[in-house]
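Q: So here's target09.cif (mmCIF, C-alpha atoms).
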data_data
#
loop_
_atom_site.label_atom_id
_atom_site.label_comp_id
_atom_site.auth_asym_id
_atom_site.auth_seq_id
_atom_site.Cartn_x
_atom_site.Cartn_y
_atom_site.Cartn_z
CA MET A 1 -72.30 86.61 -116.89
CA LYS A 2 -72.62 83.63 -114.62
CA THR A 3 -68.85 83.01 -114.58
CA MET A 4 -67.92 86.50 -113.35
CA PRO A 5 -68.50 85.86 -109.62
CA PHE A 6 -66.48 82.67 -109.83
CA MET A 7 -63.53 84.37 -111.56
CA ALA A 8 -63.61 87.27 -109.10
CA LEU A 9 -63.68 84.87 -106.18
CA ARG A 10 -60.77 82.91 -107.63
CA ARG A 11 -58.71 86.07 -108.16
CA LYS A 12 -59.40 87.23 -104.60
CA PHE A 13 -58.41 83.83 -103.24
CA CYS A 14 -55.08 83.91 -105.12
CA GLU A 15 -54.30 87.41 -103.88
CA ASN A 16 -54.90 86.37 -100.28
CA ILE A 17 -52.57 83.39 -100.65
CA VAL A 18 -49.80 85.51 -102.17
CA GLN A 19 -50.19 88.19 -99.50
CA GLU A 20 -50.08 85.62 -96.72
CA PHE A 21 -46.97 84.02 -98.21
CA VAL A 22 -45.18 87.38 -98.47
CA LEU A 23 -46.05 88.27 -94.88
CA HIS A 24 -44.65 84.98 -93.64
CA ARG A 25 -41.44 85.30 -95.64
CA CYS A 26 -40.73 88.96 -94.81
CA TYR A 27 -39.57 88.40 -91.28
CA SER A 28 -36.73 90.16 -89.49
CA SER A 29 -34.13 88.16 -87.61
CA LYS A 30 -33.07 89.44 -84.20
CA VAL A 31 -29.82 87.42 -84.25
CA ASP A 32 -26.63 89.48 -84.54
CA LEU A 33 -24.50 87.68 -87.12
CA LYS A 34 -21.39 89.60 -86.08
CA LYS A 35 -21.60 88.00 -82.64
CA LEU A 36 -22.12 84.54 -84.14
CA ARG A 37 -19.09 84.76 -86.44
CA PRO A 38 -16.46 84.03 -83.72
CA MET A 39 -18.51 81.06 -82.54
CA VAL A 40 -18.77 79.65 -86.05
CA LEU A 41 -15.04 80.08 -86.68
CA LYS A 42 -14.24 78.40 -83.38
CA ARG A 43 -16.39 75.41 -84.25
CA ILE A 44 -14.64 75.12 -87.59
CA GLN A 45 -11.26 75.12 -85.87
CA ASN A 46 -12.41 72.54 -83.34
CA ARG A 47 -13.31 70.14 -86.13
CA ALA A 48 -9.60 69.53 -86.62
CA ASN A 49 -9.53 67.73 -83.25
CA ASN A 50 -11.65 64.93 -84.73
CA CYS A 51 -9.34 64.43 -87.72
CA PRO A 52 -7.87 62.18 -88.81
CA ILE A 53 -10.45 59.51 -88.10
CA LYS A 54 -8.73 56.63 -86.33
CA GLY A 55 -10.75 53.96 -88.10
CA LEU A 56 -9.54 55.13 -91.53
CA ILE A 57 -5.86 55.53 -90.71
CA PRO A 58 -5.07 51.90 -91.69
CA VAL A 59 -6.94 52.43 -94.97
CA ALA A 60 -4.89 55.54 -95.76
CA GLN A 61 -1.66 53.73 -94.91
CA GLN A 62 -2.64 50.80 -97.10
CA VAL A 63 -3.45 53.09 -100.02
CA PHE A 64 -0.12 54.90 -99.68
CA GLU A 65 1.88 51.65 -99.64
CA ALA A 66 -0.16 50.17 -102.50
CA ARG A 67 0.48 53.31 -104.58
CA ALA A 68 4.24 52.82 -104.16
CA MET A 69 3.91 49.18 -105.25
CA LEU A 70 1.74 50.19 -108.20
CA ILE A 71 4.26 52.73 -109.49
CA HIS A 72 7.13 50.25 -109.12
CA GLY A 73 5.22 47.44 -110.83
CA VAL A 74 4.08 49.53 -113.80
CA SER A 75 7.52 51.03 -114.34
CA THR A 76 9.07 47.55 -114.30
CA LEU A 77 6.50 46.08 -116.69
CA LEU A 78 7.04 48.95 -119.12
CA LYS A 79 10.61 47.75 -119.66
CA ALA A 80 9.32 44.48 -121.12
CA PHE A 81 5.95 45.49 -122.61
CA PRO A 82 6.00 48.74 -124.59
CA VAL A 83 3.23 51.32 -124.50
CA VAL A 84 2.61 53.87 -127.24
CA SER A 85 0.77 57.18 -127.01
CA CYS A 86 -0.68 59.41 -129.70
CA LYS A 87 1.22 62.56 -130.61
CA PHE A 88 -1.91 64.70 -131.03
CA CYS A 89 -4.45 63.28 -128.52
CA PRO A 90 -4.48 61.46 -125.14
CA GLU A 91 -5.01 58.02 -126.75
CA VAL A 92 -2.79 55.23 -125.37
CA TYR A 93 -2.34 51.65 -126.55
CA VAL A 94 -0.51 48.77 -124.88
CA GLY A 95 1.47 47.22 -127.71
CA GLU A 96 4.45 47.63 -129.98
CA LYS A 97 2.95 49.31 -133.06
CA GLY A 98 -0.42 50.71 -131.97
CA HIS A 99 -3.75 50.26 -133.72
CA LEU A 100 -5.36 51.64 -136.86
CA ILE A 101 -8.65 52.74 -135.30
CA ARG A 102 -9.56 56.21 -136.54
CA SER A 103 -10.31 57.85 -133.21
CA CYS A 104 -7.71 60.63 -133.07
CA GLY A 105 -9.25 63.89 -131.93
CA GLY A 106 -6.56 65.94 -133.62
CA TYR A 107 -4.61 68.91 -132.33
CA LYS A 108 -6.66 72.07 -131.77
CA ARG A 109 -8.34 72.74 -135.14
CA GLY A 110 -6.86 69.78 -136.94
CA PRO A 111 -8.97 67.10 -138.68
CA LYS A 112 -10.91 64.73 -136.45
CA ASN A 113 -11.32 60.94 -136.54
CA GLN A 114 -7.94 60.32 -138.13
CA VAL A 115 -5.39 57.53 -137.70
CA HIS A 116 -3.15 58.08 -134.68
CA GLU A 117 0.49 59.03 -134.96
CA TRP A 118 2.15 56.88 -132.31
CA THR A 119 5.17 57.71 -130.16
CA ARG A 120 6.81 55.84 -127.30
CA GLY A 121 4.80 56.12 -124.09
CA GLY A 122 5.86 56.20 -120.47
CA LEU A 123 4.68 55.89 -116.90
CA ASN A 124 2.49 59.01 -116.99
CA ASP A 125 0.57 57.60 -119.95
CA VAL A 126 -0.52 54.58 -117.90
CA LEU A 127 -0.84 56.25 -114.48
CA VAL A 128 -2.18 59.72 -115.22
CA PRO A 129 -0.71 62.22 -112.71
CA VAL A 130 -3.30 64.22 -110.73
CA GLU A 131 -1.93 66.90 -108.42
CA ALA A 132 -3.37 69.13 -105.70
CA PHE A 133 -2.17 71.88 -103.39
CA HIS A 134 -0.53 70.57 -100.23
CA ARG A 135 -1.99 71.79 -96.93
CA HIS A 136 -0.21 71.27 -93.61
CA HIS A 137 -3.55 70.48 -91.96
CA MET A 138 -7.07 70.00 -93.24
CA PHE A 139 -8.56 73.22 -91.86
CA GLU A 140 -5.74 75.51 -92.88
CA LYS A 141 -6.49 79.07 -93.98
CA VAL A 142 -7.69 79.28 -97.58
CA ASN A 143 -4.86 80.31 -99.89
CA GLU A 144 -5.61 83.25 -102.17
CA HIS A 145 -4.73 83.58 -105.81
CA ASP A 146 -1.62 85.67 -105.10
CA GLU A 147 -0.37 82.99 -102.68
CA ARG A 148 -0.62 80.05 -105.08
CA LEU A 149 3.14 79.89 -105.66
CA ASN A 150 3.77 79.52 -101.93
CA PHE A 151 2.03 76.13 -101.79
CA GLU A 152 3.57 72.94 -103.12
CA ARG A 153 1.79 70.70 -105.62
CA VAL A 154 1.72 67.01 -104.66
CA PRO A 155 -0.14 63.96 -106.01
CA ALA A 156 -3.79 64.14 -105.02
CA VAL A 157 -3.81 60.57 -103.66
CA VAL A 158 -0.77 61.37 -101.52
CA GLU A 159 -2.44 64.52 -100.18
CA LEU A 160 -5.60 62.55 -99.39
CA CYS A 161 -3.60 59.89 -97.52
CA TRP A 162 -1.65 62.58 -95.69
CA GLN A 163 -4.81 64.26 -94.43
CA ALA A 164 -6.29 60.87 -93.54
CA GLY A 165 -3.40 60.10 -91.19
CA ALA A 166 -0.98 58.01 -93.26
CA SER A 167 2.44 57.95 -91.58
CA THR A 168 5.65 57.85 -93.62
CA ASN A 169 9.34 58.24 -92.91
CA ASP A 170 9.35 61.55 -94.77
CA GLU A 171 7.29 64.23 -93.07
CA ASN A 172 7.28 66.46 -96.15
CA PRO A 173 4.91 65.16 -98.85
CA SER A 174 6.23 67.69 -101.35
CA SER A 175 9.66 66.04 -101.42
CA SER A 176 10.87 63.83 -104.22
CA THR A 177 10.34 60.57 -102.32
CA TRP A 178 6.57 60.96 -102.55
CA ASN A 179 6.77 61.42 -106.33
CA SER A 180 9.54 58.95 -107.07
CA VAL A 181 9.03 56.25 -109.65
CA GLY A 182 10.15 53.48 -107.36
CA GLY A 183 8.22 54.79 -104.37
CA GLY A 184 10.13 52.51 -102.02
CA GLY A 185 8.90 49.33 -103.71
CA GLY A 186 11.96 48.61 -105.83
CA SER A 187 13.64 45.22 -105.73
CA GLY A 188 17.15 46.57 -106.35
CA ARG A 189 17.88 44.24 -109.32
CA ASP A 190 18.53 45.32 -112.89
CA GLU A 191 18.59 41.94 -114.64
CA PRO A 192 15.46 40.98 -116.64
CA LEU A 193 12.80 38.98 -114.86
CA SER A 194 11.80 35.49 -115.86
CA GLY A 195 8.34 34.66 -117.14
CA ASN A 196 7.12 33.41 -113.78
CA GLU A 197 8.57 36.41 -111.94
CA MET A 198 6.97 38.77 -114.45
CA ARG A 199 3.60 37.07 -113.95
CA LEU A 200 3.87 37.39 -110.17
CA LEU A 201 4.84 41.05 -110.49
CA ALA A 202 1.85 41.71 -112.75
CA THR A 203 -0.47 40.02 -110.26
CA GLU A 204 0.89 42.15 -107.40
CA THR A 205 0.62 45.28 -109.54
CA LEU A 206 -3.00 44.57 -110.41
CA ARG A 207 -3.77 43.86 -106.75
CA ALA A 208 -2.16 47.17 -105.80
CA TRP A 209 -4.25 48.94 -108.45
CA GLU A 210 -7.46 47.54 -106.98
CA THR A 211 -6.31 48.38 -103.45
CA VAL A 212 -5.62 52.00 -104.36
CA ARG A 213 -8.97 52.51 -106.07
CA THR A 214 -10.95 50.76 -103.32
CA GLY A 215 -9.14 52.63 -100.56
CA VAL A 216 -9.49 56.02 -102.25
CA GLN A 217 -13.20 55.39 -102.68
CA LYS A 218 -13.53 54.74 -98.93
CA LEU A 219 -11.55 57.87 -98.05
CA LEU A 220 -13.63 60.05 -100.36
CA MET A 221 -16.75 59.11 -98.42
CA VAL A 222 -15.34 60.87 -95.33
CA TYR A 223 -12.74 63.41 -96.45
CA PRO A 224 -14.13 66.11 -98.77
CA THR A 225 -12.42 66.35 -102.15
CA LYS A 226 -13.52 68.56 -105.02
CA ILE A 227 -12.71 68.83 -108.72
CA CYS A 228 -13.22 71.66 -111.18
CA LYS A 229 -15.92 70.93 -113.71
CA TYR A 230 -14.01 72.53 -116.58
CA CYS A 231 -10.26 72.15 -116.01
CA SER A 232 -10.11 69.01 -113.77
CA ASP A 233 -8.12 70.76 -111.03
CA VAL A 234 -8.42 68.79 -107.77
CA HIS A 235 -8.52 70.15 -104.22
CA VAL A 236 -8.38 67.96 -101.11
CA GLY A 237 -9.97 69.56 -98.06
CA PRO A 238 -13.23 71.13 -96.83
CA SER A 239 -12.46 74.67 -98.04
CA VAL A 240 -11.34 75.18 -101.64
CA HIS A 241 -8.47 77.44 -102.68
CA GLN A 242 -8.95 80.77 -104.40
CA ALA A 243 -6.35 80.33 -107.14
CA ARG A 244 -7.69 81.16 -110.60
CA PRO A 245 -5.75 79.13 -113.17
CA CYS A 246 -8.92 77.91 -114.88
CA GLY A 247 -8.69 79.11 -118.48
CA VAL A 248 -12.22 78.33 -119.62
CA PHE A 249 -13.78 81.44 -118.15
CA LYS A 250 -10.72 83.70 -118.20
CA CYS A 251 -12.64 86.48 -119.91
CA GLU A 252 -15.61 86.25 -117.55
CA SER A 253 -16.29 88.50 -114.59
CA TRP A 254 -15.09 85.95 -112.02
CA ARG A 255 -11.57 85.99 -113.56
CA GLY A 256 -11.16 82.29 -114.17
CA SER A 257 -12.41 80.92 -110.84
CA HIS A 258 -13.04 77.21 -110.63
CA PHE A 259 -16.48 75.62 -110.75
CA TRP A 260 -16.15 73.04 -107.98
CA GLU A 261 -18.07 69.79 -107.67
CA LYS A 262 -17.61 66.60 -105.68
CA ALA A 263 -14.74 64.41 -106.86
CA ASP A 264 -14.99 60.71 -107.58
CA VAL A 265 -12.40 57.93 -107.50
CA ASP A 266 -11.93 58.24 -111.27
CA ASP A 267 -10.92 61.88 -110.78
CA LEU A 268 -8.06 61.02 -108.42
CA VAL A 269 -7.12 57.65 -109.97
CA PRO A 270 -8.03 57.90 -113.69
CA PRO A 271 -8.47 54.43 -115.23
CA LYS A 272 -7.11 55.52 -118.67
CA ILE A 273 -9.29 53.28 -120.85
CA VAL A 274 -7.51 51.69 -123.84
CA TRP A 275 -8.48 49.27 -126.59
CA HIS A 276 -8.00 45.65 -125.55
CA ARG A 277 -6.80 43.07 -128.06
CA ARG A 278 -8.27 39.60 -127.48
CA PRO A 279 -6.82 36.30 -128.77
CA GLN A 280 -9.52 36.12 -131.46
CA ASP A 281 -8.72 39.62 -132.75
CA PRO A 282 -6.28 40.34 -135.62
CA PRO A 283 -2.67 41.28 -134.80
CA VAL A 284 -3.42 44.94 -135.59
CA LEU A 285 -6.81 46.40 -134.65
CA VAL A 286 -8.46 48.09 -137.62
CA ASP A 287 -11.18 50.70 -137.69
CA GLU A 288 -13.74 48.46 -139.39
CA GLY A 289 -13.87 46.09 -136.43
CA ARG A 290 -14.04 48.65 -133.63
CA ASP A 291 -17.58 47.52 -132.70
CA TYR A 292 -16.22 44.07 -131.85
CA TYR A 293 -13.17 45.06 -129.81
CA GLY A 294 -13.19 45.44 -126.04
CA GLN A 295 -11.68 48.03 -123.73
CA SER A 296 -9.94 47.95 -120.37
CA PRO A 297 -7.90 50.21 -118.06
CA ALA A 298 -4.31 50.66 -119.18
CA VAL A 299 -2.96 49.07 -115.99
CA LEU A 300 -5.09 45.98 -116.55
CA ALA A 301 -4.06 45.75 -120.22
CA LEU A 302 -0.41 45.96 -119.22
CA CYS A 303 -0.77 43.30 -116.52
CA THR A 304 -2.63 40.90 -118.82
CA GLN A 305 0.22 41.22 -121.31
CA ALA A 306 2.48 39.81 -118.58
CA GLY A 307 0.19 36.79 -118.06
CA THR A 308 -2.09 37.72 -115.18
CA ILE A 309 -5.81 36.96 -115.31
CA ALA A 310 -8.26 39.84 -115.48
CA PRO A 311 -10.88 40.01 -112.68
CA PRO A 312 -14.39 38.96 -113.74
CA LYS A 313 -15.80 42.47 -113.26
CA TYR A 314 -13.83 43.64 -116.32
CA HIS A 315 -14.89 40.80 -118.63
CA CYS A 316 -18.01 42.56 -119.86
CA ARG A 317 -16.17 45.67 -121.06
CA MET A 318 -13.27 43.62 -122.40
CA LYS A 319 -15.72 41.47 -124.41
CA VAL A 320 -13.76 38.36 -123.50
CA GLN A 321 -16.37 35.99 -124.92
CA GLY A 322 -17.34 38.31 -127.78
CA LEU A 323 -17.31 37.35 -131.43
CA PRO A 324 -14.31 38.25 -133.59
CA PRO A 325 -14.85 40.77 -136.40
CA PRO A 326 -15.87 39.22 -139.75
CA GLN A 327 -13.15 38.56 -142.27
CA SER A 328 -14.66 41.13 -144.63
CA HIS A 329 -13.92 43.82 -142.02
CA LEU A 330 -10.24 42.87 -141.74
CA LYS A 331 -9.20 43.80 -145.27
CA LEU A 332 -6.83 46.71 -145.05
#
Just give me the structure of the file as structure tokens.
A:
Amino acid sequence: MKTMPFMALRRKFCENIVQEFVLHRCYSSKVDLKKLRPMVLKRIQNRANNCPIKGLIPVAQQVFEARAMLIHGVSTLLKAFPVVSCKFCPEVYVGEKGHLIRSCGGYKRGPKNQVHEWTRGGLNDVLVPVEAFHRHHMFEKVNEHDERLNFERVPAVVELCWQAGASTNDENPSSSTWNSVGGGGGSGRDEPLSGNEMRLLATETLRAWETVRTGVQKLLMVYPTKICKYCSDVHVGPSVHQARPCGVFKCESWRGSHFWEKADVDDLVPPKIVWHRRPQDPPVLVDEGRDYYGQSPAVLALCTQAGTIAPPKYHCRMKVQGLPPPQSHLKL
């Protein structure tokens, strides 16, 4: 009986707080949003006058030129150092015969954790292509789903450099020169390179790889770029497109619309991690020693095959100083 007044007082106090909160939240705005809409749209259009940012134009130009050098260097190194890719999964290995690590994800409903079935790989297996819709200017009108075929698809890094102010001889980024294998960095010679020339080319290729990733990371801090959470579609620009090619939620009410989130440098320049064979490892990597092997980006693995030295920041993942697998694990 003594606790009743306290409980009643507590209930009354809570009701007063809730009522006061509701009264403060239920306010009516006297601002006419229809009159504000033209002002908001005008401010959005005026933002284009501040783009591209002059301080980042050299960075965009450097990224564009380094990308051309990277494509030329990788395509040249692939003629001397073969790369194999799995037939049923995205696994890639820099070597002649591949490895025996049971990490194949299979095809659709096939068995998992099986030995890979290797085929000859190419440039797209090392440098994963990532494309985006091309926009003539950053604040262009949002393209609808029915208009998706009217817009060209270009490499996402090229579109980012284009919006950041990179100048090229070709004013149309959707043309073949932006997507060419040589990219303007070819040497014009078909004879095989010597060992020293191959080592210098690998060093320049690795330097171009680091320049592209560092420059793209700087550009992403200023220029908005988004990626779909489920289908990895990339869009460069402040306003996303309304195309609905995402197949994950095709049966949902939003008809396959993308679920956008902020993109990272790995989304535009995928590192494509592969198994790295060290000097202390066996000639063919087996599944029993997978805990001892290291990993590295495919570009780095290809360049180290040509004789270049890996940067120290990759040594930890490559397990350069790691122990070799025991002999009992190497019995096939």
Q: I want to know what sits within 12 Å of A:Arg213, based on all atoms listed in the file, with residues of the same chain fewer than 5 positions away left out; could you give that as a ChimeraX atom specification?
A: /A:59-60,62-64,66-67,70,157,206-208,218-220,264-271
Q: Would you save the residues from that selection as a PDB file, keeping the file's coordinate frame, using C-alpha atoms?
A:
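Printed below is out39.pdb as written:
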ATOM      1  CA  VAL A  59      -6.940  52.430 -94.970  1.00  0.00           C
ATOM      2  CA  ALA A  60      -4.890  55.540 -95.760  1.00  0.00           C
ATOM      3  CA  GLN A  62      -2.640  50.800 -97.100  1.00  0.00           C
ATOM      4  CA  VAL A  63      -3.450  53.090-100.020  1.00  0.00           C
ATOM      5  CA  PHE A  64      -0.120  54.900 -99.680  1.00  0.00           C
ATOM      6  CA  ALA A  66      -0.160  50.170-102.500  1.00  0.00           C
ATOM      7  CA  ARG A  67       0.480  53.310-104.580  1.00  0.00           C
ATOM      8  CA  LEU A  70       1.740  50.190-108.200  1.00  0.00           C
ATOM      9  CA  VAL A 157      -3.810  60.570-103.660  1.00  0.00           C
ATOM     10  CA  LEU A 206      -3.000  44.570-110.410  1.00  0.00           C
ATOM     11  CA  ARG A 207      -3.770  43.860-106.750  1.00  0.00           C
ATOM     12  CA  ALA A 208      -2.160  47.170-105.800  1.00  0.00           C
ATOM     13  CA  LYS A 218     -13.530  54.740 -98.930  1.00  0.00           C
ATOM     14  CA  LEU A 219     -11.550  57.870 -98.050  1.00  0.00           C
ATOM     15  CA  LEU A 220     -13.630  60.050-100.360  1.00  0.00           C
ATOM     16  CA  ASP A 264     -14.990  60.710-107.580  1.00  0.00           C
ATOM     17  CA  VAL A 265     -12.400  57.930-107.500  1.00  0.00           C
ATOM     18  CA  ASP A 266     -11.930  58.240-111.270  1.00  0.00           C
ATOM     19  CA  ASP A 267     -10.920  61.880-110.780  1.00  0.00           C
ATOM     20  CA  LEU A 268      -8.060  61.020-108.420  1.00  0.00           C
ATOM     21  CA  VAL A 269      -7.120  57.650-109.970  1.00  0.00           C
ATOM     22  CA  PRO A 270      -8.030  57.900-113.690  1.00  0.00           C
ATOM     23  CA  PRO A 271      -8.470  54.430-115.230  1.00  0.00           C
TER      24      PRO A 271
END
Q: Could you tell me which of A:Pro311, A:Gly95, A:Gly122, A:Pro52 comes closest to A:Glu210 if we count only C-alpha atoms?
A: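 Among the listed residues, A:Pro311 lies closest to A:Glu210.
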Q: Name the closest residue to A:Arg278 among the candidates A:His99, A:Lys313, A:Lys319, A:Lys87; distances are taken between atoms, counting only C-alpha atoms.
A: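 Ranking A:His99, A:Lys313, A:Lys319, A:Lys87 by distance to A:Arg278, first place goes to A:Lys319.
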Q: Could you tell me how far atom CA of A:Ala298 sits from atom CA of A:Leu56, in Å to one decimal place?
A: 28.5 Å
Q: Please compute the atom CA of A:Leu285-atom CA of A:Ser75 distance, one decimal, in Å.
A: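 Value for the atom CA of A:Leu285-atom CA of A:Ser75 distance: 25.3 Å.
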Q: Tell me, in Å to one decimal, how far atom CA of A:Gly289 is from atom CA of A:Pro111.
A: 21.7 Å
Q: Care to translate the PyMOL selection byres ((chain A and resi 94) around 8) into actual residues of this file, as a tab-separated table (two decimals) with C-alpha atoms, in the coordinates of the input?
A:
chain	number	residue	atom	x	y	z
A	81	PHE	CA	5.95	45.49	-122.61
A	82	PRO	CA	6.00	48.74	-124.59
A	83	VAL	CA	3.23	51.32	-124.50
A	84	VAL	CA	2.61	53.87	-127.24
A	92	VAL	CA	-2.79	55.23	-125.37
A	93	TYR	CA	-2.34	51.65	-126.55
A	95	GLY	CA	1.47	47.22	-127.71
A	96	GLU	CA	4.45	47.63	-129.98
A	98	GLY	CA	-0.42	50.71	-131.97
A	274	VAL	CA	-7.51	51.69	-123.84
A	298	ALA	CA	-4.31	50.66	-119.18
A	301	ALA	CA	-4.06	45.75	-120.22
A	302	LEU	CA	-0.41	45.96	-119.22
Q: Which of these residues is nearest to A:Val299, using all atoms listed in the file: A:Val126, A:Val154, A:Ile53, A:Met69?
A: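 Checking each of A:Val126, A:Val154, A:Ile53, A:Met69 against A:Val299, counting all atoms listed in the file, the winner is A:Val126.
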Q: Would you translate the PyMOL selection byres ((chain A and resi 279) around 12) into the concrete set of residues it matches in this file, as JSON, numbers by chain?
A: {"A": [276, 277, 278, 280, 281, 282, 283, 284, 285, 293, 294, 304, 305, 318, 319, 320, 321, 322, 323, 324, 325]}
Q: With distances taken over only C-alpha atoms, which residue among A:Ala164, A:Leu77, A:Ile309, A:Val222 lies nearest A:Lys54?
A: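 Among the listed residues, the smallest separation from A:Lys54 belongs to A:Ala164.
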Q: For this structure, which residues satisfy the selection - the PyMOL selection byres ((chain A and resi 232-235) around 9) - when it is evaluated on the file as given? I want them as number ranges by chain.
A: A: 130-134, 156, 224-231, 236-241, 245-246, 258, 260, 263, 267-268
Q: Name all residues at most 10 Å from A:Tyr107 (count all atoms listed in the file; drop same-chain ones fewer than 3 positions away) and give them as number ranges by chain.
A: A: 87-89, 104, 110-112
Q: Using all atoms listed in the file, can you tell me which of A:Gly215, A:Thr203, A:Cys86, A:Pro38 comes closest to A:Gln61?
A: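 Ranked by minimum distance to A:Gln61, first place goes to A:Gly215.
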Q: Using all atoms listed in the file, which of A:Val286, A:Arg37, A:Ile71, A:Val216 sits nearest A:His116?
A: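 Using all atoms listed in the file, A:His116 sits closest to A:Val286.
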Q: Select all residues near (11.5, 37.6, -116.6) (cut-off 12 Å, inclusive, file coordinates), counting only C-alpha atoms, and output them as a list in words.
A: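 Residues satisfying the cut-off, written out: Thr76, Leu77, Lys79, Ala80, Phe81, Arg189, Asp190, Glu191, Pro192, Leu193, Ser194, Gly195, Asn196, Glu197, Met198, Arg199, Leu200, Leu201, Ala202, Ala306 and Gly307 of chain A.
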Q: For stretch 96-103 of chain A, I'd like the enclosing box, axis-aligned and padded by 5 Å on every side, reported as AutoDock Vina command-line options with centre and edge lengths in Å to one decimal.
A:
--center_x -2.9 --center_y 52.7 --center_z -133.4 --size_x 24.8 --size_y 20.2 --size_z 16.9
Q: Write stretch 284-290 of chain A as a compact mmCIF listing (two decimals), in the frame of the given file, completed to all heavy atoms.
A:
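This went into selection29.txt:
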# COMPACT_ATOMS: atom_id res chain seq x y z
N VAL A 284 -3.29 43.49 -135.64
CA VAL A 284 -3.42 44.94 -135.59
C VAL A 284 -4.90 45.28 -135.66
O VAL A 284 -5.60 44.87 -136.60
CB VAL A 284 -2.66 45.61 -136.76
CG1 VAL A 284 -2.82 47.13 -136.68
CG2 VAL A 284 -1.18 45.23 -136.70
N LEU A 285 -5.40 46.02 -134.69
CA LEU A 285 -6.81 46.40 -134.65
C LEU A 285 -7.08 47.44 -135.73
O LEU A 285 -6.39 48.46 -135.81
CB LEU A 285 -7.18 46.95 -133.27
CG LEU A 285 -6.89 46.03 -132.08
CD1 LEU A 285 -7.35 46.69 -130.78
CD2 LEU A 285 -7.55 44.67 -132.25
N VAL A 286 -8.11 47.17 -136.54
CA VAL A 286 -8.46 48.09 -137.62
C VAL A 286 -9.77 48.79 -137.27
O VAL A 286 -10.51 48.38 -136.39
CB VAL A 286 -8.60 47.32 -138.96
CG1 VAL A 286 -7.26 46.73 -139.37
CG2 VAL A 286 -9.65 46.22 -138.85
N ASP A 287 -10.02 49.87 -138.00
CA ASP A 287 -11.18 50.70 -137.69
C ASP A 287 -12.50 50.00 -138.01
O ASP A 287 -13.51 50.24 -137.36
CB ASP A 287 -11.09 52.01 -138.47
CG ASP A 287 -12.18 52.99 -138.08
OD1 ASP A 287 -12.16 53.47 -136.93
OD2 ASP A 287 -13.06 53.27 -138.92
N GLU A 288 -12.49 49.11 -139.00
CA GLU A 288 -13.74 48.46 -139.39
C GLU A 288 -14.27 47.49 -138.33
O GLU A 288 -15.45 47.17 -138.34
CB GLU A 288 -13.54 47.70 -140.72
CG GLU A 288 -13.35 48.60 -141.93
CD GLU A 288 -11.97 49.23 -141.99
OE1 GLU A 288 -11.11 48.80 -141.19
OE2 GLU A 288 -11.73 50.12 -142.83
N GLY A 289 -13.42 47.03 -137.44
CA GLY A 289 -13.87 46.09 -136.43
C GLY A 289 -13.95 46.68 -135.03
O GLY A 289 -13.98 45.93 -134.06
N ARG A 290 -14.05 48.01 -134.94
CA ARG A 290 -14.04 48.65 -133.63
C ARG A 290 -15.28 48.29 -132.80
O ARG A 290 -15.23 48.36 -131.57
CB ARG A 290 -13.94 50.16 -133.79
CG ARG A 290 -15.10 50.78 -134.53
CD ARG A 290 -14.85 52.26 -134.80
NE ARG A 290 -14.62 53.01 -133.56
CZ ARG A 290 -14.23 54.28 -133.53
NH1 ARG A 290 -14.00 54.93 -134.66
NH2 ARG A 290 -14.06 54.89 -132.38
